[in-house]
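This report refers to the structure that appears directly beneath it.
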Amino acid sequence: MYLHDASRHAVLLTLIWLLCTQAGCSRDQGAGPGAPGAMPEMPVTVVTLTAQPVALTRELPGRTAAYRVAEVRPQVSGVVKQRLFAEGALVSAGQPLYQIDDATYRADHGMAKAALARAEAGLEAARLRANRSANLVKSGVVSAQDNDNAVAALREAQADVASARASLDAATVKLGYARIQAPIAGRIGKSSVTEGALVTADQDAPLATIQDLDPMYVDVTQSSAELLQLRKELASGSLEQRGSAPVTIVLEDGSHHQQTGTLAFSDVTVEPTTGSFLLRVEVPNPGNELLPGMFVRALVGSGVRPQGLLVPQQGIARDPQGNASAMIVGADGKVEVRPVQVSRTVGDKWLVDGGLAPGDRVIVEGLQKVQPGMPVQATEAGASPAAPPAPK
């Protein structure tokens with residue numbers, strides 16, 4: 001009997017202890033932040049968003065091309081007598097490049113010059129006859145018919161002089177073509193012929209090629225879908241076009257070209273196979289750092305977003321479906337999860353398209369330690385941490 005009462009007493013004490021424990025837990029959960037047993041505030045670092053003008057750029061692939069290209073070809077036939085330039089050197093416009101054997105053209109020039117002198121002598125004789133005839137016809141010594149013949153002979157002599165002068169000019173031009181000159185200034189490549197080679201007028205193969213490398217063209221391509229999106233943003237007012245933005249050229253090794261370019265023109269035809277169109281950028285190239293045919297990338301400005309929001313990349317997380325979200329500190333000091341829309345990066349930050357507003361405090365450090373609804377102690381990024389209280 002005694003053992004039975006003792007067992008009932010032990011069970012009763014156990015039930016009383018469990019009830020007291022549960023009551024104590026309820027008191028702890030309902031206690032305020034400063035009460036004993038309350039959930040501690042985790043320290044986090046936040047960035048307060050502010051609206052600011054954000055210049056947007058597009059990185060587009062492209063190829064460099066010479067500003068001007070001239071293929072040097074002979075305009076008269078003959079044997080190359082001398083090459084007058086160094087391969088790979090800079091040449092100026094009008095600089096002699098090749099000398100073709102001009103013996104035949106000098107002879108033709110001499111004959112044309114002599115023919116002109118003969119025509120001019122005949123013109124002088126015809127002029128004298130016409131003057132005498134004009135005086136004699138007044139006195140009746142020469143008939144009117146003879147006077148008309150003298151005037152006609154004078155005009156014929158004048159035409160002969162004009163024809164001979166034109167022939168001399170043609171011979172002079174051909175003689176000048178025997179000395180081939182640079183049509184433009186630039187850097188000349190290798191020569192395709194040597195001394196003694198026979199060249200013909202208007203042949204297909206050029207003797208050499210001259211390229212003007214300062215400035216340079218950079219031909220880049222942009223998709224038509226990006227162009228349509230850009231026009232929609234401009235029409236809605238979310239993007240502003242503020243003049244012609246400078247274009248930065250990124251070289252193959254990742255470095256930037258020292259000179260910035262400008263957009264020369266954009267093509268009006270979309271390539272059917274690629275769905276893209278051509279943009280041509282003009283870039284100064286004083287040091288010949290850019291060479292024709294190089295693969296480069298161009299950072300082309302697409303406009304300015306006047307009220308842009310930038311969030312550090314560490315403040316944006318993505319789920320397995322690719323949806324972006326950010327943890328922010330609400331007005332009550334607790335953590336909130338906010339779905340956001342981001343489409344592009346600007347430097348080391350995401351450009352926010354939706355989901356966040358100016359004044360929101362986005363958590364960028366301490367994300368692993370917090371949960372939604374948890375109270376936190378927020379410190380602005382870049383601010384000096386608060387000094388601990390001095391010991392008493």
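Scheme for the structure tokens: letters A, B, ... for chains in order shown; per-chain residue numbers from 1; ligand numbers from 1 in order shown.
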So that I can check the surroundings of Leu49 (chain A), please list as a list in words every protein, DNA and RNA residue that reaches within 6 Å of it, counting only C-alpha atoms and ignoring chain neighbours fewer than 4 positions away.
Pro358, Gly359 and Asp360 of chain A
Excluding Lys113 (chain A) and any residue of its chain fewer than 3 positions from it, enumerate the residues within 12 Å of it, using only C-alpha atoms, and give them as a PyMOL selection string.
chain A and resi 106-110+116-120+161+163-172
Could you dump the residues just selected with C-alpha atoms as a short mmCIF file (atom, residue, chain, number, x, y, z; two decimals), in the first residue's frame?
data_model
loop_
_atom_site.label_atom_id
_atom_site.label_comp_id
_atom_site.auth_asym_id
_atom_site.auth_seq_id
_atom_site.Cartn_x
_atom_site.Cartn_y
_atom_site.Cartn_z
CA ARG A 106 58.89 60.24 -123.47
CA ALA A 107 59.17 59.71 -127.23
CA ASP A 108 55.40 60.03 -127.64
CA HIS A 109 55.50 63.18 -125.54
CA GLY A 110 58.23 64.66 -127.78
CA LEU A 116 51.86 71.28 -131.45
CA ALA A 117 54.72 73.51 -132.56
CA ARG A 118 53.95 72.71 -136.22
CA ALA A 119 50.27 73.45 -135.70
CA GLU A 120 51.08 76.75 -134.00
CA VAL A 161 46.47 73.77 -132.62
CA SER A 163 44.00 69.11 -131.30
CA ALA A 164 47.79 69.10 -131.06
CA ARG A 165 47.61 70.62 -127.56
CA ALA A 166 45.17 67.92 -126.45
CA SER A 167 47.48 65.23 -127.83
CA LEU A 168 50.37 66.77 -125.91
CA ASP A 169 48.30 66.77 -122.73
CA ALA A 170 47.46 63.08 -123.21
CA ALA A 171 51.11 62.25 -123.80
CA THR A 172 52.05 64.22 -120.69
#
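When only C-alpha atoms are used to measure the gap to Gly261 (chain A), the shortest distance among A:Pro246, A:Pro306, A:Gly315, A:Gly275 belongs to A:Pro246.
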Pick from A:Pro206, A:Pro320, A:Pro312, A:Gly196: nearest to Thr48 (chain A), with only C-alpha atoms counted?
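The answer is A:Pro312, which sits nearest to Thr48 (chain A).
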Go through A:Glu195, A:Ala130, A:Met216, A:Arg83 one by one, measure the shortest atom-to-atom distance of each to Ala144 (chain A) using only C-alpha atoms, and give the residue with the smallest value.
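Among the listed residues, A:Ala130 lies closest to Ala144 (chain A).
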Distance query Gln341 (chain A) at most 10 Å, only C-alpha atoms, self and fewer than 4 positions along chain excluded, as a list in words:
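With the cut-off at 10 Å, the set is Ile316, Asn323, Ala324, Ser325, Ala326, Trp350, Leu351, Val352, Asp353, Gly354, Gly355 and Leu356 of chain A.
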Report, in Å with one decimal, the straight-line distance from CA of Thr345 (chain A) to CA of Ser266 (chain A).
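For CA of Thr345 (chain A) relative to CA of Ser266 (chain A), the distance reads 25.0 Å.
Residue nearest Ser191 (chain A) within the list A:Ala225, A:Leu207, A:Val270, A:Leu90: A:Leu207 [criterion: smallest interatomic distance, only C-alpha atoms].
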Leu97 (chain A) surroundings by only C-alpha atoms, 7 Å radius, close-in-sequence under 2 positions cut, as a list in words
Arg83, Leu84, Phe85, Gln95, Ile180, Gln181 and Ala182 of chain A
Can I get the selection written as a JSON list (two decimals), in the first residue's frame, with C-alpha atoms?
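File selection36.json, as written:
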[["chain", "number", "residue", "atom", "x", "y", "z"],
["A", 83, "ARG", "CA", 60.76, 50.54, -106.45],
["A", 84, "LEU", "CA", 60.93, 53.81, -104.54],
["A", 85, "PHE", "CA", 59.53, 52.92, -101.09],
["A", 95, "GLN", "CA", 54.89, 60.13, -102.84],
["A", 180, "ILE", "CA", 53.33, 55.64, -109.91],
["A", 181, "GLN", "CA", 52.47, 57.76, -106.87],
["A", 182, "ALA", "CA", 50.64, 57.08, -103.60]]
Which residues are close to Thr248 (chain A), i.e. within 10 Å by only C-alpha atoms, leaving aside same-chain residues fewer than 5 positions away? Reply as a PyMOL selection string.
chain A and resi 57+59+256-262+281+283+297-301
Residues as selected, N, CA and C atoms, written as a short mmCIF file (atom, residue, chain, number, x, y, z; two decimals), in the first residue's frame, can you do that?
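Final output, selection.cif:
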data_model
loop_
_atom_site.label_atom_id
_atom_site.label_comp_id
_atom_site.auth_asym_id
_atom_site.auth_seq_id
_atom_site.Cartn_x
_atom_site.Cartn_y
_atom_site.Cartn_z
N THR A 57 25.38 50.83 -70.83
CA THR A 57 26.21 50.50 -71.98
C THR A 57 25.92 49.07 -72.42
N GLU A 59 28.00 45.84 -74.36
CA GLU A 59 29.29 45.34 -74.85
C GLU A 59 29.03 44.51 -76.10
N HIS A 256 41.95 48.45 -72.20
CA HIS A 256 41.16 49.44 -72.92
C HIS A 256 42.05 50.27 -73.83
N HIS A 257 41.54 50.54 -75.03
CA HIS A 257 42.25 51.44 -75.94
C HIS A 257 42.26 52.84 -75.34
N GLN A 258 43.39 53.53 -75.48
CA GLN A 258 43.55 54.82 -74.81
C GLN A 258 42.57 55.87 -75.32
N GLN A 259 42.20 55.79 -76.58
CA GLN A 259 41.31 56.79 -77.18
C GLN A 259 39.87 56.26 -77.21
N THR A 260 38.91 57.12 -76.92
CA THR A 260 37.50 56.75 -77.02
C THR A 260 36.98 57.12 -78.41
N GLY A 261 36.03 56.34 -78.88
CA GLY A 261 35.48 56.56 -80.21
C GLY A 261 34.10 57.17 -80.16
N THR A 262 33.57 57.43 -81.34
CA THR A 262 32.22 57.97 -81.50
C THR A 262 31.49 57.12 -82.53
N VAL A 281 31.92 52.44 -85.58
CA VAL A 281 32.51 53.36 -84.61
C VAL A 281 33.82 53.89 -85.19
N VAL A 283 37.38 55.60 -84.29
CA VAL A 283 38.25 55.69 -83.13
C VAL A 283 39.59 56.29 -83.55
N ARG A 297 36.04 44.41 -78.57
CA ARG A 297 34.69 44.61 -78.04
C ARG A 297 34.50 46.10 -77.80
N ALA A 298 33.30 46.55 -78.07
CA ALA A 298 33.00 47.98 -77.94
C ALA A 298 31.93 48.17 -76.87
N LEU A 299 32.21 49.06 -75.92
CA LEU A 299 31.24 49.43 -74.90
C LEU A 299 30.49 50.65 -75.42
N VAL A 300 29.31 50.41 -75.97
CA VAL A 300 28.51 51.45 -76.62
C VAL A 300 27.43 51.92 -75.66
N GLY A 301 27.36 53.22 -75.43
CA GLY A 301 26.33 53.78 -74.56
C GLY A 301 24.95 53.68 -75.20
#
To one decimal place, how far is CA of Met327 (chain A) from CA of Arg58 (chain A) in Å?
28.8 Å
